[in-house]
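Here is the file query.cif (mmCIF, C-alpha atoms and all ligand atoms).
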```cif
data_target
#
loop_
_atom_site.group_PDB
_atom_site.id
_atom_site.type_symbol
_atom_site.label_atom_id
_atom_site.label_comp_id
_atom_site.auth_asym_id
_atom_site.auth_seq_id
_atom_site.Cartn_x
_atom_site.Cartn_y
_atom_site.Cartn_z
ATOM 1 C CA MET A 4 -22.112 80.591 -93.582
ATOM 2 C CA GLU A 5 -23.931 77.833 -95.420
ATOM 3 C CA THR A 6 -22.045 75.784 -97.961
ATOM 4 C CA PRO A 7 -23.559 76.217 -101.430
ATOM 5 C CA VAL A 8 -24.969 72.929 -102.675
ATOM 6 C CA ASP A 9 -22.827 72.910 -105.793
ATOM 7 C CA ALA A 10 -19.573 73.662 -103.932
ATOM 8 C CA PRO A 11 -17.014 70.838 -104.138
ATOM 9 C CA MET A 12 -17.282 68.657 -101.057
ATOM 10 C CA LYS A 13 -14.291 68.839 -98.792
ATOM 11 C CA ASP A 14 -12.959 65.325 -98.574
ATOM 12 C CA GLU A 15 -12.234 64.667 -94.918
ATOM 13 C CA HIS A 16 -10.001 61.789 -95.865
ATOM 14 C CA GLU A 17 -7.970 63.773 -98.324
ATOM 15 C CA SER A 18 -4.313 62.827 -97.890
ATOM 16 C CA PRO A 19 -1.964 65.504 -96.653
ATOM 17 C CA LYS A 20 0.706 66.507 -99.135
ATOM 18 C CA TRP A 21 3.389 64.325 -97.532
ATOM 19 C CA LYS A 22 1.327 61.212 -98.159
ATOM 20 C CA LYS A 23 1.979 61.615 -101.860
ATOM 21 C CA SER A 24 5.670 62.146 -101.232
ATOM 22 C CA ILE A 25 8.744 60.503 -102.599
ATOM 23 C CA VAL A 26 10.454 58.457 -99.914
ATOM 24 C CA VAL A 27 13.894 56.903 -100.202
ATOM 25 C CA PHE A 28 14.949 54.567 -97.394
ATOM 26 C CA VAL A 29 18.649 54.522 -96.592
ATOM 27 C CA LEU A 30 19.938 51.326 -95.014
ATOM 28 C CA GLY A 31 23.326 49.939 -94.059
ATOM 29 C CA GLY A 32 25.128 48.628 -91.003
ATOM 30 C CA PRO A 33 25.996 50.915 -88.095
ATOM 31 C CA GLY A 34 28.790 53.206 -89.252
ATOM 32 C CA SER A 35 28.229 52.573 -92.970
ATOM 33 C CA GLY A 36 27.956 56.308 -93.665
ATOM 34 C CA LYS A 37 24.191 56.749 -93.909
ATOM 35 C CA GLY A 38 24.158 60.076 -92.067
ATOM 36 C CA THR A 39 27.206 61.468 -93.882
ATOM 37 C CA GLN A 40 25.906 60.606 -97.340
ATOM 38 C CA CYS A 41 22.369 61.787 -96.548
ATOM 39 C CA ALA A 42 23.785 65.229 -95.698
ATOM 40 C CA ASN A 43 25.499 65.245 -99.118
ATOM 41 C CA ILE A 44 22.307 64.183 -100.912
ATOM 42 C CA VAL A 45 20.290 66.918 -99.173
ATOM 43 C CA LYS A 46 22.693 69.605 -100.451
ATOM 44 C CA GLN A 47 22.593 68.402 -104.004
ATOM 45 C CA PHE A 48 19.133 66.962 -104.562
ATOM 46 C CA GLY A 49 16.689 68.884 -102.365
ATOM 47 C CA TYR A 50 15.535 66.092 -100.104
ATOM 48 C CA THR A 51 14.648 66.488 -96.452
ATOM 49 C CA HIS A 52 16.586 64.005 -94.339
ATOM 50 C CA PHE A 53 15.272 62.245 -91.258
ATOM 51 C CA SER A 54 17.403 59.828 -89.273
ATOM 52 C CA ALA A 55 15.130 57.499 -87.316
ATOM 53 C CA GLY A 56 17.874 57.151 -84.684
ATOM 54 C CA ASP A 57 18.177 60.937 -84.318
ATOM 55 C CA LEU A 58 14.394 61.303 -83.977
ATOM 56 C CA LEU A 59 14.428 58.676 -81.229
ATOM 57 C CA ARG A 60 17.358 60.370 -79.460
ATOM 58 C CA SER A 61 15.535 63.719 -79.509
ATOM 59 C CA GLU A 62 12.407 62.001 -78.208
ATOM 60 C CA ILE A 63 14.466 60.888 -75.185
ATOM 61 C CA LYS A 64 15.736 64.450 -74.642
ATOM 62 C CA SER A 65 12.229 65.923 -74.960
ATOM 63 C CA GLY A 66 11.196 64.191 -71.738
ATOM 64 C CA SER A 67 8.646 61.974 -73.489
ATOM 65 C CA GLU A 68 6.834 59.300 -71.473
ATOM 66 C CA PHE A 69 8.622 56.721 -73.656
ATOM 67 C CA GLY A 70 12.058 58.276 -73.154
ATOM 68 C CA ALA A 71 13.334 55.807 -70.585
ATOM 69 C CA MET A 72 12.172 52.824 -72.622
ATOM 70 C CA ILE A 73 13.716 54.161 -75.825
ATOM 71 C CA GLN A 74 16.977 54.933 -74.066
ATOM 72 C CA SER A 75 17.200 51.467 -72.585
ATOM 73 C CA LEU A 76 16.588 49.805 -75.973
ATOM 74 C CA ILE A 77 19.125 52.004 -77.777
ATOM 75 C CA SER A 78 21.782 51.336 -75.157
ATOM 76 C CA GLN A 79 21.278 47.615 -75.806
ATOM 77 C CA GLY A 80 21.296 48.058 -79.590
ATOM 78 C CA ARG A 81 17.736 46.773 -79.771
ATOM 79 C CA ILE A 82 14.938 48.014 -82.010
ATOM 80 C CA VAL A 83 12.350 50.396 -80.586
ATOM 81 C CA PRO A 84 8.664 49.371 -81.094
ATOM 82 C CA SER A 85 7.498 50.324 -84.579
ATOM 83 C CA VAL A 86 4.495 52.383 -83.488
ATOM 84 C CA ILE A 87 6.808 54.854 -81.758
ATOM 85 C CA THR A 88 9.281 55.232 -84.618
ATOM 86 C CA VAL A 89 6.615 55.424 -87.314
ATOM 87 C CA LYS A 90 4.692 58.078 -85.384
ATOM 88 C CA LEU A 91 7.841 60.189 -85.072
ATOM 89 C CA LEU A 92 8.630 59.801 -88.775
ATOM 90 C CA CYS A 93 5.090 60.696 -89.902
ATOM 91 C CA LYS A 94 5.025 63.731 -87.631
ATOM 92 C CA ALA A 95 8.394 64.901 -88.960
ATOM 93 C CA MET A 96 7.251 64.498 -92.586
ATOM 94 C CA GLU A 97 3.974 66.259 -91.899
ATOM 95 C CA GLU A 98 5.717 69.236 -90.326
ATOM 96 C CA SER A 99 8.475 69.508 -92.917
ATOM 97 C CA GLY A 100 6.624 71.132 -95.809
ATOM 98 C CA ASN A 101 8.743 69.156 -98.270
ATOM 99 C CA ASP A 102 7.570 66.174 -100.324
ATOM 100 C CA LYS A 103 10.908 64.388 -100.889
ATOM 101 C CA PHE A 104 12.349 62.482 -97.984
ATOM 102 C CA LEU A 105 15.411 60.465 -97.166
ATOM 103 C CA ILE A 106 14.664 58.212 -94.233
ATOM 104 C CA ASP A 107 17.881 56.869 -92.787
ATOM 105 C CA GLY A 108 18.306 53.867 -90.500
ATOM 106 C CA PHE A 109 14.741 52.673 -91.105
ATOM 107 C CA PRO A 110 13.021 50.209 -91.587
ATOM 108 C CA ARG A 111 15.250 48.118 -89.338
ATOM 109 C CA ASN A 112 13.044 45.047 -89.345
ATOM 110 C CA GLU A 113 9.974 43.633 -91.049
ATOM 111 C CA GLU A 114 7.708 44.993 -88.324
ATOM 112 C CA ASN A 115 9.035 48.538 -88.988
ATOM 113 C CA ARG A 116 8.480 48.102 -92.693
ATOM 114 C CA ILE A 117 4.908 46.853 -92.354
ATOM 115 C CA GLU A 118 3.905 49.482 -89.778
ATOM 116 C CA PHE A 119 5.214 52.259 -92.034
ATOM 117 C CA GLU A 120 3.373 50.810 -95.020
ATOM 118 C CA ASN A 121 0.132 50.617 -93.041
ATOM 119 C CA VAL A 122 0.316 53.984 -91.336
ATOM 120 C CA ALA A 123 2.127 56.275 -93.774
ATOM 121 C CA LYS A 124 0.756 54.369 -96.770
ATOM 122 C CA ILE A 125 3.858 55.191 -98.787
ATOM 123 C CA GLU A 126 6.071 52.741 -100.649
ATOM 124 C CA PRO A 127 9.672 53.844 -101.063
ATOM 125 C CA ALA A 128 10.704 54.928 -104.570
ATOM 126 C CA PHE A 129 13.866 52.909 -103.978
ATOM 127 C CA VAL A 130 16.128 51.792 -101.151
ATOM 128 C CA LEU A 131 19.715 52.898 -100.954
ATOM 129 C CA PHE A 132 21.888 50.262 -99.316
ATOM 130 C CA PHE A 133 25.402 50.992 -98.086
ATOM 131 C CA ASP A 134 27.295 47.748 -98.182
ATOM 132 C CA CYS A 135 30.335 47.523 -95.911
ATOM 133 C CA PRO A 136 32.112 44.684 -94.076
ATOM 134 C CA GLU A 137 31.782 44.394 -90.310
ATOM 135 C CA GLU A 138 35.493 44.988 -89.543
ATOM 136 C CA GLU A 139 35.396 48.339 -91.324
ATOM 137 C CA LEU A 140 32.150 49.364 -89.584
ATOM 138 C CA GLU A 141 33.641 48.540 -86.206
ATOM 139 C CA ARG A 142 36.807 50.460 -86.956
ATOM 140 C CA ARG A 143 34.851 53.556 -88.005
ATOM 141 C CA ILE A 144 32.502 53.570 -85.048
ATOM 142 C CA LEU A 145 35.242 53.086 -82.486
ATOM 143 C CA ASN A 146 37.163 55.964 -84.117
ATOM 144 C CA ARG A 147 34.256 58.400 -84.316
ATOM 145 C CA ASN A 148 33.582 60.500 -81.303
ATOM 146 C CA GLN A 149 29.985 61.545 -81.329
ATOM 147 C CA GLY A 150 29.347 60.965 -77.650
ATOM 148 C CA ARG A 151 26.884 58.186 -78.364
ATOM 149 C CA GLU A 152 26.512 55.719 -75.545
ATOM 150 C CA ASP A 153 25.925 52.904 -78.048
ATOM 151 C CA ASP A 154 29.272 53.500 -79.803
ATOM 152 C CA ASN A 155 31.231 51.049 -77.637
ATOM 153 C CA ILE A 156 32.584 47.698 -78.786
ATOM 154 C CA GLU A 157 30.057 45.613 -76.872
ATOM 155 C CA THR A 158 26.989 47.483 -78.166
ATOM 156 C CA VAL A 159 28.446 47.777 -81.675
ATOM 157 C CA LYS A 160 28.658 43.985 -81.840
ATOM 158 C CA LYS A 161 25.024 43.719 -80.729
ATOM 159 C CA ARG A 162 23.952 46.370 -83.266
ATOM 160 C CA PHE A 163 25.722 44.478 -86.010
ATOM 161 C CA LYS A 164 23.991 41.250 -85.032
ATOM 162 C CA VAL A 165 20.591 42.970 -85.030
ATOM 163 C CA PHE A 166 21.462 44.399 -88.440
ATOM 164 C CA VAL A 167 22.240 40.946 -89.844
ATOM 165 C CA ASP A 168 19.306 39.170 -88.186
ATOM 166 C CA SER A 169 16.587 41.820 -88.560
ATOM 167 C CA THR A 170 17.583 44.418 -91.161
ATOM 168 C CA LEU A 171 19.137 42.230 -93.867
ATOM 169 C CA PRO A 172 15.778 40.458 -94.386
ATOM 170 C CA VAL A 173 14.242 43.875 -95.139
ATOM 171 C CA VAL A 174 17.083 44.547 -97.580
ATOM 172 C CA GLY A 175 16.319 41.178 -99.209
ATOM 173 C CA TYR A 176 12.629 42.058 -99.413
ATOM 174 C CA TYR A 177 13.331 45.239 -101.377
ATOM 175 C CA GLU A 178 15.856 43.426 -103.520
ATOM 176 C CA SER A 179 13.163 40.923 -104.489
ATOM 177 C CA LYS A 180 10.903 43.836 -105.454
ATOM 178 C CA GLY A 181 13.626 45.348 -107.663
ATOM 179 C CA LYS A 182 13.904 48.381 -105.411
ATOM 180 C CA LEU A 183 17.366 47.896 -103.950
ATOM 181 C CA ARG A 184 20.243 50.137 -105.043
ATOM 182 C CA LYS A 185 23.448 48.793 -103.545
ATOM 183 C CA ILE A 186 26.502 50.999 -103.086
ATOM 184 C CA ASN A 187 29.973 49.856 -102.022
ATOM 185 C CA ALA A 188 30.477 51.879 -98.825
ATOM 186 C CA ALA A 189 33.880 50.493 -97.848
ATOM 187 C CA LYS A 190 35.616 53.406 -99.569
ATOM 188 C CA PRO A 191 36.459 57.009 -98.644
ATOM 189 C CA SER A 192 33.280 59.064 -98.273
ATOM 190 C CA GLU A 193 34.048 61.295 -101.330
ATOM 191 C CA GLU A 194 34.247 58.224 -103.534
ATOM 192 C CA VAL A 195 31.072 56.782 -102.088
ATOM 193 C CA PHE A 196 29.305 60.061 -102.828
ATOM 194 C CA GLU A 197 30.354 59.897 -106.472
ATOM 195 C CA ALA A 198 28.453 56.615 -106.775
ATOM 196 C CA VAL A 199 25.511 58.028 -104.815
ATOM 197 C CA LYS A 200 25.370 61.086 -107.078
ATOM 198 C CA ASP A 201 25.307 58.977 -110.233
ATOM 199 C CA LEU A 202 22.516 56.930 -108.772
ATOM 200 C CA PHE A 203 20.339 59.892 -107.754
ATOM 201 C CA ALA A 204 20.942 61.578 -111.078
ATOM 202 C CA SER A 205 19.690 58.491 -112.900
ATOM 203 C CA GLU A 206 16.768 57.784 -110.546
ATOM 204 C CA THR A 207 15.281 61.264 -110.316
HETATM 205 N N1 LIG B 1 16.695 52.664 -83.652
HETATM 206 C C1 LIG B 1 15.504 51.980 -83.651
HETATM 207 N N2 LIG B 1 14.674 52.088 -84.729
HETATM 208 C C2 LIG B 1 14.996 52.829 -85.821
HETATM 209 C C3 LIG B 1 16.221 53.530 -85.831
HETATM 210 C C4 LIG B 1 17.060 53.419 -84.727
HETATM 211 O O1 LIG B 1 15.176 51.294 -82.709
HETATM 212 O O2 LIG B 1 14.197 52.883 -86.762
HETATM 213 C C5 LIG B 1 17.568 52.580 -82.462
HETATM 214 C C6 LIG B 1 18.344 51.257 -82.380
HETATM 215 O O3 LIG B 1 18.510 50.934 -81.025
HETATM 216 C C7 LIG B 1 19.678 51.623 -83.022
HETATM 217 C C8 LIG B 1 19.859 53.041 -82.498
HETATM 218 O O4 LIG B 1 18.544 53.603 -82.498
HETATM 219 O O5 LIG B 1 20.720 50.763 -82.628
HETATM 220 C C9 LIG B 1 20.797 53.916 -83.309
HETATM 221 O O6 LIG B 1 20.325 54.031 -84.617
HETATM 222 P P1 LIG B 1 21.092 54.932 -85.719
HETATM 223 O O7 LIG B 1 20.415 54.704 -87.030
HETATM 224 O O8 LIG B 1 21.225 56.312 -85.241
HETATM 225 O O9 LIG B 1 22.557 54.282 -85.729
HETATM 226 P P2 LIG B 1 23.527 54.018 -86.948
HETATM 227 O O10 LIG B 1 23.082 52.739 -87.563
HETATM 228 O O11 LIG B 1 23.405 55.187 -87.881
HETATM 229 O O12 LIG B 1 24.878 53.936 -86.338
HETATM 230 MG MG MG B 2 23.198 57.297 -88.258
#
```
Whole structure given in structure tokens:
Amino acid sequence: METPVDAPMKDEHESPKWKKSIVVFVLGGPGSGKGTQCANIVKQFGYTHFSAGDLLRSEIKSGSEFGAMIQSLISQGRIVPSVITVKLLCKAMEESGNDKFLIDGFPRNEENRIEFENVAKIEPAFVLFFDCPEEELERRILNRNQGREDDNIETVKKRFKVFVDSTLPVVGYYESKGKLRKINAAKPSEEVFEAVKDLFASET
């Protein structure tokens, strides 16, 4: 059928719904409680939660051509190339049907941040940062039993170093833009959630 001349033109470059979404990045050292608190936020505030680490781990399991490379980087506590992680995140958002996302454990470095900005073209509404000292993070990770091959003392130390060297600059970037919301995460998870709840109630 011919398109009537006065019909509105379909804009081929029209953004999908998720491109106009609200995104909250959730950062913090390994073991700072990002995953735990994100699950709480989902229940109470209607966000869809994506953990970049979980997406990468399921990419390994799916038999992807990048699986071996991703696995090797994760086992060394190193950061996977941004194109891979950003593609997985965009795909997950596209398929979700929601328009409010918590993205946990990302961006881990400036390259991640810039790739996401360029590809997803979304700026986070704000960045939730779980602040916790290294000794406490170590203690938690070595006590949790999630069967993760990177939860051993040697890799935890590497992950913490990568966090300080590569992720803290991203935290500083958002702080300078007035987007950082810092939470003291060195407390029992129920208490941390009280602070998180107050924050989300005032932000949204
Ligand atoms: N990872 C990555 N890019 C990301 C998120 C995770 O390369 O955007 C890799 C990295 O090797 C990291 C590992 O996945 O050490 C585990 O990340 P996750 O966020 O699951 O760990 P957490 O910080 O929650 O303990
Ligand atoms: Mg996690």
Near-ligand residues for ligand MG 2 (chain B), threshold 8 Å, all atoms listed in the file, as a list in words | Pro33, Gly34, Gly36, Lys37, Gly38, Ser54, Gly56, Asp57, Asp107 and Gly108 of chain A
How close does chain A get to ligand LIG 1 (chain B)? List, as a Markdown table, each residue of chain A within 9 Å, its nearest atom pair and the distance in Å to one decimal, counting all atoms listed in the file.
```
| residue | atom | partner | partner_atom | distance |
| --- | --- | --- | --- | --- |
| A:Leu30 | CA | B:LIG1 | O10 | 8.2 |
| A:Gly31 | CA | B:LIG1 | O10 | 7.1 |
| A:Gly32 | CA | B:LIG1 | O10 | 5.7 |
| A:Pro33 | CA | B:LIG1 | O10 | 3.5 |
| A:Gly34 | CA | B:LIG1 | O12 | 4.9 |
| A:Ser35 | CA | B:LIG1 | O10 | 7.5 |
| A:Gly36 | CA | B:LIG1 | O11 | 7.4 |
| A:Lys37 | CA | B:LIG1 | O11 | 6.3 |
| A:Gly38 | CA | B:LIG1 | O11 | 6.5 |
| A:Ser54 | CA | B:LIG1 | O7 | 6.4 |
| A:Ala55 | CA | B:LIG1 | C3 | 4.4 |
| A:Gly56 | CA | B:LIG1 | O8 | 3.5 |
| A:Asp57 | CA | B:LIG1 | O8 | 5.6 |
| A:Leu58 | CA | B:LIG1 | C3 | 8.2 |
| A:Leu59 | CA | B:LIG1 | O4 | 6.7 |
| A:Arg60 | CA | B:LIG1 | O4 | 7.5 |
| A:Ile73 | CA | B:LIG1 | O1 | 7.6 |
| A:Gln74 | CA | B:LIG1 | O3 | 8.2 |
| A:Ser75 | CA | B:LIG1 | O3 | 8.6 |
| A:Leu76 | CA | B:LIG1 | O3 | 5.5 |
| A:Ile77 | CA | B:LIG1 | O3 | 3.5 |
| A:Ser78 | CA | B:LIG1 | O3 | 6.7 |
| A:Gln79 | CA | B:LIG1 | O3 | 6.8 |
| A:Gly80 | CA | B:LIG1 | O5 | 4.1 |
| A:Arg81 | CA | B:LIG1 | O3 | 4.4 |
| A:Ile82 | CA | B:LIG1 | O1 | 3.4 |
| A:Val83 | CA | B:LIG1 | O1 | 3.6 |
| A:Pro84 | CA | B:LIG1 | O1 | 7.0 |
| A:Ser85 | CA | B:LIG1 | N2 | 7.4 |
| A:Ile87 | CA | B:LIG1 | N2 | 8.9 |
| A:Thr88 | CA | B:LIG1 | O2 | 5.9 |
| A:Val89 | CA | B:LIG1 | O2 | 8.0 |
| A:Asp107 | CA | B:LIG1 | O7 | 6.7 |
| A:Gly108 | CA | B:LIG1 | O7 | 4.1 |
| A:Phe109 | CA | B:LIG1 | O2 | 4.4 |
| A:Pro110 | CA | B:LIG1 | O2 | 5.6 |
| A:Arg111 | CA | B:LIG1 | O2 | 5.5 |
| A:Asn112 | CA | B:LIG1 | O2 | 8.3 |
| A:Asn115 | CA | B:LIG1 | O2 | 7.1 |
| A:Ile144 | CA | B:LIG1 | O12 | 7.7 |
| A:Arg151 | CA | B:LIG1 | C9 | 8.9 |
| A:Asp153 | CA | B:LIG1 | O5 | 7.3 |
| A:Asp154 | CA | B:LIG1 | O12 | 7.9 |
| A:Thr158 | CA | B:LIG1 | O5 | 8.4 |
| A:Val159 | CA | B:LIG1 | O5 | 8.3 |
| A:Lys161 | CA | B:LIG1 | O5 | 8.5 |
| A:Arg162 | CA | B:LIG1 | O5 | 5.5 |
| A:Phe163 | CA | B:LIG1 | O5 | 8.7 |
| A:Val165 | CA | B:LIG1 | O5 | 8.2 |
| A:Phe166 | CA | B:LIG1 | O10 | 8.5 |
```
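One finds CA of Ser205 in chain A at 20.9 Å from CA of Val174 in chain A.
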Run the PyMOL selection byres (((chain A and resi 132) around 10) and not hetatm) on the file and write out the hits as a PyMOL selection string.
-> chain A and resi 28-32+35+37+129-131+133-135+174+183-188
Pairwise distance for CA of Ala204 in chain A and CA of Tyr176 in chain A, rounded to one decimal in Å | 24.2 Å
Here CA of Val45 in chain A and CA of Leu105 in chain A stand apart by 8.3 Å
Using all atoms listed in the file, pick whichever of A:Thr51, A:Asn155, A:Asn43, A:Thr170 has the shortest atom-to-atom distance to Leu92 in chain A.
->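 Selected residue with least distance to Leu92 in chain A: A:Thr51.
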Please provide the set of residues having any atom within 9 Å of Ile25 in chain A, restricted to all atoms listed in the file, with same-chain residues fewer than 6 positions apart removed, written as number ranges by chain.
-> A: 102-105, 125-128
For Val26 in chain A, the closest of A:Leu140, A:Leu202, A:Ala42, A:Met96 counting all atoms listed in the file is A:Met96
Can you tell me, as a ChimeraX atom specification, what residues are no more than 10 Å from Phe203 in chain A when counting all atoms listed in the file, ignoring any on the same chain fewer than 2 positions away?
-> /A:44,47-48,131,198-201,205-207
How would the residues just chosen look if you wrote them out with C-alpha atoms as a PDB file, in the coordinates of the input?
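This is the output file result-v1.pdb:
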```pdb
ATOM      1  CA  ILE A  44      22.307  64.183-100.912  1.00  0.00           C
ATOM      2  CA  GLN A  47      22.593  68.402-104.004  1.00  0.00           C
ATOM      3  CA  PHE A  48      19.133  66.962-104.562  1.00  0.00           C
ATOM      4  CA  LEU A 131      19.715  52.898-100.954  1.00  0.00           C
ATOM      5  CA  ALA A 198      28.453  56.615-106.775  1.00  0.00           C
ATOM      6  CA  VAL A 199      25.511  58.028-104.815  1.00  0.00           C
ATOM      7  CA  LYS A 200      25.370  61.086-107.078  1.00  0.00           C
ATOM      8  CA  ASP A 201      25.307  58.977-110.233  1.00  0.00           C
ATOM      9  CA  SER A 205      19.690  58.491-112.900  1.00  0.00           C
ATOM     10  CA  GLU A 206      16.768  57.784-110.546  1.00  0.00           C
ATOM     11  CA  THR A 207      15.281  61.264-110.316  1.00  0.00           C
TER      12      THR A 207
END
```
Using all atoms listed in the file, the shortest atom-to-atom distance to Lys90 in chain A among A:Ser65, A:Asn146, A:Asn121, A:Thr39 belongs to A:Asn121
